[in-house]
$ cat structure_35.cif   # mmCIF, C-alpha atoms
data_input
loop_
_atom_site.label_atom_id
_atom_site.label_comp_id
_atom_site.auth_asym_id
_atom_site.auth_seq_id
_atom_site.Cartn_x
_atom_site.Cartn_y
_atom_site.Cartn_z
CA MET A 6 -80.68 142.30 140.17
CA THR A 7 -81.62 141.66 136.55
CA ILE A 8 -85.14 142.29 135.35
CA THR A 9 -85.96 141.60 131.73
CA LEU A 10 -89.41 142.49 130.38
CA LEU A 11 -90.89 143.40 127.09
CA PRO A 12 -91.54 147.19 127.16
CA PHE A 13 -95.33 146.90 127.16
CA TYR A 14 -95.25 144.70 130.29
CA GLU A 15 -93.12 146.97 132.47
CA GLU A 16 -96.00 148.69 134.22
CA SER A 17 -97.39 145.37 135.49
CA LEU A 18 -94.19 144.57 137.39
CA GLN A 19 -94.13 145.19 141.11
CA GLN A 20 -90.85 144.81 142.94
CA VAL A 21 -90.88 143.39 146.46
CA GLY A 22 -87.49 143.58 148.22
CA THR A 23 -84.95 141.80 146.03
CA ASN A 24 -87.56 139.51 144.50
CA CYS A 25 -89.73 140.01 141.47
CA VAL A 26 -93.50 139.80 141.64
CA PHE A 27 -95.62 139.86 138.53
CA SER A 28 -99.18 140.06 137.39
CA SER A 29 -100.66 137.64 134.88
CA SER A 30 -99.63 139.87 131.97
CA THR A 31 -95.87 139.48 132.48
CA ILE A 32 -94.01 137.08 130.23
CA ARG A 33 -90.57 136.83 131.80
CA VAL A 34 -88.83 138.05 134.93
CA SER A 35 -85.49 136.92 136.30
CA CYS A 36 -83.93 138.09 139.52
CA GLU A 37 -80.89 137.26 141.55
CA GLU A 38 -81.56 135.78 144.92
CA GLU A 39 -80.63 136.79 148.40
CA SER A 40 -80.00 134.17 151.05
CA PRO A 41 -79.64 135.07 154.72
CA THR A 42 -76.66 133.56 156.51
CA SER A 43 -78.91 132.04 159.18
CA SER A 44 -80.61 129.64 156.75
CA SER A 45 -79.32 126.37 155.36
CA PRO A 46 -77.21 126.73 152.20
CA THR A 47 -79.77 124.61 150.31
CA MET A 48 -82.64 126.96 151.19
CA HIS A 49 -83.03 129.97 148.88
CA PHE A 50 -84.87 133.08 150.07
CA ILE A 51 -87.85 133.93 147.86
CA GLY A 52 -89.63 136.65 149.82
CA LYS A 53 -91.98 137.50 152.64
CA LYS A 54 -95.02 135.25 152.82
CA ALA A 55 -97.35 138.26 153.13
CA ASP A 56 -95.99 139.68 149.85
CA ILE A 57 -96.32 136.35 148.05
CA VAL A 58 -99.87 135.88 149.35
CA LYS A 59 -100.76 139.38 148.14
CA ALA A 60 -99.19 138.85 144.70
CA GLY A 61 -100.37 135.25 144.31
CA ARG A 62 -97.36 134.32 142.17
CA VAL A 63 -93.66 135.12 142.28
CA THR A 64 -90.89 134.03 139.96
CA GLN A 65 -87.20 133.96 140.66
CA ARG A 66 -83.99 132.54 139.26
CA VAL A 67 -82.81 130.35 142.11
CA ASN A 68 -79.14 129.53 142.68
CA GLY A 69 -78.33 131.28 139.40
CA CYS A 70 -79.54 128.31 137.39
CA ARG A 71 -83.21 127.49 137.83
CA ASP A 72 -86.29 129.61 137.03
CA VAL A 73 -88.87 128.79 139.68
CA LEU A 74 -92.50 129.79 140.04
CA VAL A 75 -93.74 130.09 143.63
CA LEU A 76 -97.47 130.44 144.00
CA TYR A 77 -99.98 130.73 146.79
CA HIS A 78 -103.35 129.03 146.36
CA GLN A 79 -106.03 128.08 148.89
CA GLY A 80 -103.74 128.63 151.88
CA GLN A 81 -100.77 126.69 150.52
CA LEU A 82 -97.46 127.60 148.87
CA TYR A 83 -96.19 125.63 145.88
CA ALA A 84 -92.94 125.82 143.87
CA LEU A 85 -92.25 124.36 140.44
CA ASP A 86 -90.16 124.98 137.34
CA MET A 87 -91.56 128.07 135.67
CA LEU A 88 -91.71 126.84 132.06
CA CYS A 89 -94.09 124.04 131.05
CA TYR A 90 -92.53 120.67 130.27
CA HIS A 91 -94.39 120.40 126.95
CA THR A 92 -93.05 123.37 124.95
CA GLY A 93 -91.86 125.87 127.55
CA GLY A 94 -95.10 127.80 128.04
CA PRO A 95 -95.09 130.46 130.80
CA LEU A 96 -96.83 128.73 133.72
CA GLN A 97 -96.95 132.00 135.67
CA ASN A 98 -99.82 132.93 133.33
CA GLY A 99 -101.69 129.63 133.78
CA ASP A 100 -105.00 129.15 135.56
CA ILE A 101 -105.32 126.96 138.65
CA GLU A 102 -108.06 124.34 138.27
CA GLU A 103 -109.08 121.15 140.03
CA PHE A 104 -109.31 117.84 138.16
CA SER A 105 -110.63 114.80 140.08
CA GLY A 106 -109.75 116.49 143.37
CA ARG A 107 -106.19 117.41 142.32
CA LEU A 108 -105.09 121.04 142.04
CA CYS A 109 -103.37 121.74 138.73
CA ILE A 110 -101.84 124.64 136.89
CA VAL A 111 -103.01 124.74 133.27
CA CYS A 112 -100.41 125.87 130.74
CA PRO A 113 -101.75 128.87 128.83
CA TRP A 114 -100.21 127.73 125.54
CA HIS A 115 -101.58 124.20 125.01
CA LYS A 116 -103.74 123.60 128.12
CA TYR A 117 -101.52 120.88 129.58
CA LYS A 118 -102.54 120.12 133.17
CA ILE A 119 -99.81 119.78 135.80
CA THR A 120 -100.50 118.83 139.42
CA LEU A 121 -99.16 121.40 141.87
CA ALA A 122 -98.19 118.88 144.54
CA GLU A 123 -96.42 116.23 142.43
CA GLY A 124 -95.71 117.76 139.00
CA GLU A 125 -97.63 115.02 137.22
CA GLY A 126 -99.04 115.63 133.76
CA LEU A 127 -102.73 114.73 133.62
CA TYR A 128 -104.77 113.72 130.59
CA GLN A 129 -108.37 112.70 130.03
CA ALA A 130 -108.58 108.98 129.25
CA VAL A 131 -111.47 107.04 127.71
CA ASP A 132 -112.37 103.65 129.19
CA ASN A 133 -113.64 102.05 125.98
CA PRO A 134 -113.85 104.19 122.83
CA THR A 135 -116.37 101.82 121.22
CA VAL A 136 -118.98 102.28 123.96
CA ARG A 137 -121.29 105.31 123.82
CA PRO A 138 -121.59 107.55 125.66
CA LEU A 139 -117.86 107.82 126.21
CA ARG A 140 -116.77 107.49 129.84
CA THR A 141 -113.72 109.60 130.63
CA HIS A 142 -111.53 110.03 133.67
CA TRP A 143 -108.26 111.80 134.51
CA ARG A 144 -105.04 109.80 134.40
CA SER A 145 -101.41 110.59 135.12
CA LYS A 146 -98.64 110.62 132.53
CA GLY A 147 -96.15 110.50 135.41
CA VAL A 148 -93.99 113.29 136.80
CA LYS A 149 -93.27 115.79 134.02
CA GLN A 150 -92.64 119.07 135.90
CA ARG A 151 -89.95 119.46 138.55
CA ILE A 152 -91.48 120.42 141.91
CA HIS A 153 -89.42 122.12 144.63
CA LYS A 154 -89.82 122.18 148.41
CA VAL A 155 -91.23 125.36 149.98
CA THR A 156 -90.41 126.22 153.60
CA GLU A 157 -91.73 129.10 155.67
CA VAL A 158 -89.61 130.38 158.57
CA SER A 159 -90.91 133.31 160.63
CA GLY A 160 -92.82 134.80 157.71
CA ASP A 161 -89.97 134.30 155.20
CA VAL A 162 -90.43 131.86 152.31
CA TYR A 163 -87.56 129.69 151.08
CA VAL A 164 -87.28 127.16 148.26
CA THR A 165 -85.07 124.09 148.31
CA LEU A 166 -84.39 122.92 144.78
CA ASN A 167 -85.33 119.37 143.90
CA ASP A 168 -81.88 117.97 143.14
CA SER A 169 -83.01 114.49 142.13
CA SER A 170 -80.66 113.07 139.52
CA GLU A 171 -83.64 111.58 137.68
CA ALA A 172 -84.31 113.56 134.49
CA ILE A 173 -87.68 115.31 134.43
CA GLU A 174 -89.07 116.74 131.20
CA SER A 175 -89.22 120.34 132.46
CA ASP A 176 -85.41 120.25 132.88
CA VAL A 177 -85.08 120.81 129.13
CA TYR A 178 -86.29 124.41 129.53
CA GLN A 179 -83.72 125.37 132.19
CA THR A 180 -81.13 126.60 129.68
CA GLU A 181 -80.21 130.05 128.38
CA LYS A 182 -81.47 129.08 124.92
CA HIS A 183 -85.02 128.61 126.21
CA ARG A 184 -84.89 131.62 128.53
CA THR A 185 -84.02 133.79 125.51
CA VAL A 186 -86.77 132.24 123.37
CA SER A 187 -89.43 132.81 126.03
CA ILE A 188 -88.54 136.49 126.27
CA ASN A 189 -89.16 136.96 122.56
CA VAL A 190 -92.69 135.57 122.76
CA GLN A 191 -95.16 138.37 122.25
CA PRO A 192 -98.93 138.27 122.24
CA LYS A 193 -100.47 138.41 118.79
CA PRO A 194 -102.06 141.77 118.04
CA LYS A 195 -105.84 141.66 117.92
CA PRO A 196 -107.25 142.11 114.42
CA LYS A 197 -109.06 145.37 113.84
CA THR A 198 -112.77 144.91 113.29
#

$ encode --input "structure_35.cif" --output "structure tokens"
Amino acid sequence: MTITLLPFYEESLQQVGTNCVFSSSTIRVSCEEESPTSSSPTMHFIGKKADIVKAGRVTQRVNGCRDVLVLYHQGQLYALDMLCYHTGGPLQNGDIEEFSGRLCIVCPWHKYKITLAEGEGLYQAVDNPTVRPLRTHWRSKGVKQRIHKVTEVSGDVYVTLNDSSEAIESDVYQTEKHRTVSINVQPKPKPKT
């Protein structure tokens, strides 16, 4: 198992079995997976559902190549690429909000909204900018974040990677270059007043 954290984040890490669980203050965690022989080779063991529910969010490097965020919200499990499609922001630190009835994770870096179910990027559109008051509504930019299938079997949670050959913008951040960059991101110190 490999766990990489900035020193000041270490105390917020909780380890559950062979998986890594983090609080909202962690920047980066990567772990090797464990897959029981009884499951399909395309299903990757993430952890016990009870542990994921308790933690709310779990991140894991799946199949040695993909950093995946698994989160539990309002009774449902979701899995998506961990770094935001826009500039690689750490989605594990993003808030969950609803926009026009669609649950989204909001990237903490630039506030991009990504639907949990489809991976669509949402933006606020204006019907006619010459008419006041402005009337806005939420529109889709299309699928921007790769979403993965979550399966629960007897209290165990598995992820099946989305292996669609269609390029999705979040794929750009699934390289060692971007994993290294994200680990070097540190919060800015607060100015002394």

$ residues_around --input "structure_35.cif" --residues "Asp168 of chain A" --least-positions-apart "2" --cutoff "12 Å" --atoms "only C-alpha atoms" --output "ChimeraX atom specification"
/A:47,68,71,151-154,164-166,170-173,176

$ closest_residue --input "structure_35.cif" --among "A:Val111, A:Ile101, A:Val75, A:Val131" --to "Gly52 of chain A" --atoms "all atoms listed in the file"
A:Val75

$ closest_residue --input "structure_35.cif" --among "A:Ala60, A:Cys112, A:Val136, A:Leu74" --to "Cys89 of chain A" --atoms "all atoms listed in the file"
A:Cys112

$ atom_distance --input "structure_35.cif" --atom1 "atom CA of Ala84 of chain A" --atom2 "atom CA of Val162 of chain A"
10.7 Å

$ atom_distance --input "structure_35.cif" --atom1 "atom CA of Glu125 of chain A" --atom2 "atom CA of Gln150 of chain A"
6.6 Å

$ resolve_selection --input "structure_35.cif" --expression "the PyMOL selection byres ((chain A and resi 179) around 12)" --output "PyMOL selection string"
chain A and resi 66-67+69-73+85-90+92-93+150-151+173-178+180-187

$ atom_distance --input "structure_35.cif" --atom1 "atom CA of Lys146 of chain A" --atom2 "atom CA of Leu76 of chain A"
22.9 Å

$ resolve_selection --input "structure_35.cif" --expression "the PyMOL selection byres ((chain A and resi 141) around 10)" --output "PDB file with C-alpha atoms, in the frame of the given file"
ATOM      1  CA  TYR A 128    -104.770 113.720 130.590  1.00  0.00           C
ATOM      2  CA  GLN A 129    -108.370 112.700 130.030  1.00  0.00           C
ATOM      3  CA  ALA A 130    -108.580 108.980 129.250  1.00  0.00           C
ATOM      4  CA  VAL A 131    -111.470 107.040 127.710  1.00  0.00           C
ATOM      5  CA  ASP A 132    -112.370 103.650 129.190  1.00  0.00           C
ATOM      6  CA  ASN A 133    -113.640 102.050 125.980  1.00  0.00           C
ATOM      7  CA  PRO A 134    -113.850 104.190 122.830  1.00  0.00           C
ATOM      8  CA  PRO A 138    -121.590 107.550 125.660  1.00  0.00           C
ATOM      9  CA  LEU A 139    -117.860 107.820 126.210  1.00  0.00           C
ATOM     10  CA  ARG A 140    -116.770 107.490 129.840  1.00  0.00           C
ATOM     11  CA  HIS A 142    -111.530 110.030 133.670  1.00  0.00           C
ATOM     12  CA  TRP A 143    -108.260 111.800 134.510  1.00  0.00           C
ATOM     13  CA  ARG A 144    -105.040 109.800 134.400  1.00  0.00           C
TER      14      ARG A 144
END
